[in-house]
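Text of the file data30.txt, holding compact mmCIF, C-alpha atoms:
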```txt
# COMPACT_ATOMS: atom_id res chain seq x y z
CA MET A 81 68.65 58.59 151.90
CA ARG A 82 68.89 55.64 149.52
CA VAL A 83 67.81 54.53 146.05
CA ILE A 84 64.55 52.65 146.54
CA ALA A 85 64.37 50.24 143.59
CA GLY A 86 65.99 49.09 140.39
CA SER A 87 69.60 48.34 139.56
CA LEU A 88 70.92 50.72 142.24
CA LYS A 89 68.50 49.65 144.98
CA GLY A 90 69.84 50.29 148.47
CA ARG A 91 72.73 52.52 147.39
CA ALA A 92 73.27 55.61 149.53
CA LEU A 93 72.76 59.14 148.22
CA HIS A 94 74.36 62.34 149.48
CA SER A 95 72.45 65.57 150.03
CA PRO A 96 73.77 69.11 149.64
CA ARG A 97 75.08 70.66 152.82
CA GLY A 98 72.93 73.17 154.66
CA ARG A 99 69.20 73.67 154.91
CA ALA A 100 68.58 75.20 151.49
CA THR A 101 67.81 71.80 149.91
CA ARG A 102 65.07 69.47 151.08
CA PRO A 103 65.56 66.03 149.51
CA THR A 104 62.44 64.11 148.53
CA GLN A 105 61.71 61.57 151.25
CA ASP A 106 61.97 57.88 150.42
CA ARG A 107 58.25 57.23 150.98
CA ILE A 108 57.31 60.11 148.67
CA ARG A 109 59.71 58.90 145.95
CA GLU A 110 58.18 55.44 146.27
CA ALA A 111 54.68 56.90 145.88
CA ILE A 112 55.72 58.97 142.84
CA PHE A 113 57.19 55.97 141.04
CA SER A 114 54.18 53.82 141.92
CA VAL A 115 51.99 56.36 140.12
CA LEU A 116 54.39 56.70 137.17
CA GLY A 117 54.85 52.98 136.55
CA ALA A 118 57.50 51.98 134.02
CA VAL A 119 60.03 54.64 133.02
CA ASP A 120 62.01 52.43 130.64
CA GLU A 121 64.15 54.44 128.20
CA ALA A 122 62.56 57.73 129.32
CA ARG A 123 64.47 60.96 128.75
CA VAL A 124 64.38 62.58 132.19
CA LEU A 125 64.76 66.22 133.17
CA ASP A 126 65.17 67.02 136.86
CA LEU A 127 64.76 70.76 137.47
CA PHE A 128 65.76 72.07 140.92
CA ALA A 129 67.52 68.69 141.25
CA GLY A 130 69.01 69.13 144.74
CA SER A 131 70.65 65.77 145.45
CA GLY A 132 69.49 64.31 142.13
CA ALA A 133 67.51 61.61 143.95
CA LEU A 134 64.51 61.69 141.60
CA ALA A 135 66.54 61.45 138.39
CA ILE A 136 68.85 58.83 139.91
CA GLU A 137 65.82 56.80 140.98
CA ALA A 138 64.49 57.00 137.41
CA LEU A 139 67.86 55.88 135.99
CA SER A 140 67.95 53.01 138.47
CA ARG A 141 64.50 51.95 137.22
CA GLY A 142 65.51 51.94 133.55
CA ALA A 143 65.28 55.52 132.28
CA GLY A 144 67.43 56.03 129.19
CA SER A 145 69.04 59.36 130.09
CA ALA A 146 68.82 62.20 132.60
CA THR A 147 69.64 65.88 132.77
CA LEU A 148 69.89 67.36 136.26
CA VAL A 149 69.64 71.13 136.68
CA ASP A 150 70.22 73.22 139.79
CA SER A 151 71.40 76.76 140.47
CA SER A 152 73.04 75.88 143.79
CA ALA A 153 76.75 75.09 143.79
CA GLN A 154 76.27 72.81 146.83
CA ALA A 155 73.59 70.87 144.97
CA ILE A 156 75.84 70.42 141.93
CA ILE A 157 78.60 69.08 144.20
CA ALA A 158 76.18 66.57 145.79
CA ILE A 159 74.75 65.50 142.42
CA SER A 160 78.21 65.02 140.92
CA ARG A 161 79.33 63.01 143.94
CA ASN A 162 76.25 60.78 143.76
CA LEU A 163 76.69 60.13 140.04
CA GLU A 164 80.39 59.37 140.46
CA GLU A 165 79.91 57.01 143.41
CA LEU A 166 77.07 55.20 141.64
CA ALA A 167 79.07 55.06 138.38
CA ILE A 168 76.20 56.32 136.27
CA GLY A 169 76.28 58.96 133.58
CA ALA A 170 73.98 61.95 133.37
CA GLU A 171 74.17 65.52 132.17
CA VAL A 172 74.56 68.01 135.03
CA ARG A 173 73.84 71.71 134.52
CA HIS A 174 74.68 74.44 137.03
CA GLN A 175 72.11 77.05 136.02
CA THR A 176 68.62 78.27 136.75
CA ALA A 177 65.63 76.30 135.52
CA GLY A 178 64.57 79.20 133.31
CA ALA A 179 67.97 79.56 131.65
CA PHE A 180 68.17 75.82 131.05
CA LEU A 181 64.68 75.62 129.56
CA ALA A 182 65.38 78.55 127.21
CA ARG A 183 68.49 76.80 125.92
CA ALA A 184 66.76 73.42 125.70
CA ARG A 185 64.05 75.01 123.58
CA ARG A 186 66.61 76.54 121.20
CA GLU A 187 68.34 73.15 120.93
CA HIS A 188 65.00 71.36 120.29
CA ARG A 189 65.46 69.03 123.26
CA GLN A 190 62.54 66.83 124.30
CA TYR A 191 61.89 65.04 127.59
CA ASP A 192 59.49 62.24 128.47
CA LEU A 193 59.55 62.75 132.23
CA VAL A 194 60.18 66.02 134.03
CA PHE A 195 60.59 66.48 137.78
CA VAL A 196 59.91 69.97 139.15
CA ASP A 197 60.73 70.47 142.82
CA PRO A 198 61.44 74.16 143.55
CA PRO A 199 62.52 75.22 147.03
CA TYR A 200 59.56 75.07 149.40
CA GLY A 201 57.83 78.40 149.74
CA ARG A 202 58.75 79.45 146.17
CA GLY A 203 56.40 77.10 144.33
CA GLY A 204 53.65 79.64 143.72
CA GLY A 205 56.09 82.22 142.41
CA VAL A 206 57.51 80.18 139.53
CA ARG A 207 54.26 79.17 137.81
CA GLU A 208 54.08 82.07 135.37
CA ARG A 209 57.65 81.55 134.16
CA LEU A 210 57.76 77.77 134.26
CA SER A 211 54.54 76.68 132.53
CA PRO A 212 55.21 78.35 129.15
CA ALA A 213 58.92 77.45 129.27
CA LEU A 214 58.19 73.75 129.88
CA ARG A 215 55.76 73.15 127.02
CA PRO A 216 58.31 73.30 124.16
CA VAL A 217 60.58 70.69 125.79
CA LEU A 218 57.87 68.15 126.53
CA ALA A 219 57.82 65.13 124.26
CA ARG A 220 54.54 63.64 123.13
CA GLN A 221 52.93 61.81 126.07
CA ALA A 222 55.35 63.43 128.55
CA ARG A 223 54.61 63.46 132.25
CA VAL A 224 55.57 66.23 134.65
CA VAL A 225 55.87 65.53 138.37
CA VAL A 226 55.63 68.57 140.64
CA GLU A 227 56.53 68.50 144.31
CA SER A 228 55.67 71.55 146.39
CA ASP A 229 54.75 72.73 149.84
CA ILE A 230 51.02 72.42 150.54
CA ARG A 231 51.13 76.04 151.82
CA ALA A 232 52.61 77.34 148.53
CA PRO A 233 51.42 74.86 145.90
CA LEU A 234 52.83 74.95 142.40
CA ALA A 235 50.19 74.43 139.75
CA LEU A 236 51.18 74.26 136.10
CA ASP A 237 49.08 75.07 133.05
CA LEU A 238 48.99 71.41 132.00
CA THR A 239 46.42 68.62 132.38
CA LEU A 240 46.42 67.37 135.98
CA ALA A 241 46.38 63.56 136.08
CA PHE A 242 47.08 62.88 139.76
CA GLU A 243 47.31 64.79 143.03
CA ARG A 244 48.08 63.59 146.52
CA ARG A 245 49.18 65.13 149.80
CA TYR A 246 51.88 63.60 152.01
CA GLY A 247 52.08 65.68 155.19
CA ASP A 248 53.25 69.15 154.11
CA THR A 249 54.16 67.89 150.63
CA LEU A 250 51.85 68.08 147.63
CA ILE A 251 52.58 65.84 144.64
CA ARG A 252 50.95 66.61 141.30
CA VAL A 253 51.47 64.60 138.13
CA TYR A 254 50.58 66.33 134.86
CA ASP A 255 50.19 65.01 131.36
CA GLY A 256 52.18 67.07 128.88
```

What does the file become when written as structure tokens?
Amino acid sequence: MRVIAGSLKGRALHSPRGRATRPTQDRIREAIFSVLGAVDEARVLDLFAGSGALAIEALSRGAGSATLVDSSAQAIIAISRNLEELAIGAEVRHQTAGAFLARARREHRQYDLVFVDPPYGRGGGVRERLSPALRPVLARQARVVVESDIRAPLALDLTLAFERRYGDTLIRVYDG
């Protein structure tokens, strides 16, 4: 797996060990960023970050900052290794998405671009908790990119702007 474009184009990325994490494929990342267009100076939040590939791709393409959140210790190790080897700074949080969003709300944090990629098969089960928790941290004109399994799609209570299927993967882009 590699960074597709931007200042870090071609640089290798590490994935967490084991089968618990499914990194976003290069072709799907390319499609996502084609839909998003420019991400210059965006404040990025990557929930269920895994390897951090989506946030790192955004940083490579000019995003201003990124916060990567994952509850898996293996994912945090992979994310930290990727950031260190690429010599880029980002905030890394080892906690659940819900706990992070509750704290971000209390701290009045705002994000312009949010990536939501829960473990496949769990997408449908997080909707009720995630939708209301996301709203307070979305900046004006924010976009939320959701990646889920087509068999357990994750739909948020936001305005759907784009939807496309790539094999077993469903990508939805919402306007905040």

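Nearest-residue note for Leu240 (chain A): choosing from A:Asp192, A:Gln175, A:Val225, A:Arg141, the minimum distance belongs to A:Val225, counting only C-alpha atoms.
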
Which protein, DNA or RNA residues are at most 6 Å from (62.0, 68.0, 140.8) in the file's coordinates when you count all atoms listed in the file, listed as a list in words?
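All residues meeting the 6 Å criterion around (62.0, 68.0, 140.8) are Asp126, Leu127, Phe128, Ala129, Phe195, Val196 and Asp197 of chain A.
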
Let me make sure I understand: among A:Arg109, A:His94, A:Arg209, A:Arg215, which one has the smallest atom-to-atom distance to Ile251 (chain A) if we use all atoms listed in the file?
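Checking each candidate against Ile251 (chain A), we get A:Arg109 as the closest.
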
Nearest to Ser151 (chain A): which of A:Val115, A:Arg173, A:Gly132, A:Val83 is it, counting all atoms listed in the file?
A:Arg173

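Using all atoms listed in the file for every distance, the candidate list A:Thr176, A:Ser95, A:Gln221, A:Thr104 yields A:Ser95 as the residue closest to Ile159 (chain A).
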
Please compute the CA of Gly247 (chain A)-CA of Leu93 (chain A) distance, one decimal, in Å.
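Atom-to-atom, CA of Gly247 (chain A) to CA of Leu93 (chain A), that is 22.8 Å.
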
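Shortest separation to Ala177 (chain A) among A:Asn162, A:Leu214, A:Gln190, A:Arg123 occurs at residue A:Leu214, atoms counted being only C-alpha atoms.
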
With distances taken over all atoms listed in the file, the candidate from A:Met81, A:Ala135, A:Ser211, A:Pro199 nearest Ala232 (chain A) is A:Pro199

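Between CA of Leu166 (chain A) and CA of Tyr191 (chain A) the separation is 22.9 Å.
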
Measure the distance from CA of Lys89 (chain A) to CA of Glu110 (chain A) in Å and round it to one decimal.
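The value is 11.9 Å.
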
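Taking only C-alpha atoms, the non-local environment of Leu236 (chain A) within 8 Å (same-chain residues fewer than 2 positions away omitted) comprises Arg207, Leu210, Ser211, Leu234 and Leu238 of chain A.
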
Taking all atoms of region 152-159 of chain A that the file lists and extending 5 Å past them on each side, where is the centre of the axis-aligned box and how long are its edges? Answer in Å to one decimal, as JSON.
```
{"center_x": 75.8, "center_y": 70.7, "center_z": 144.4, "size_x": 15.6, "size_y": 20.4, "size_z": 14.9}
```
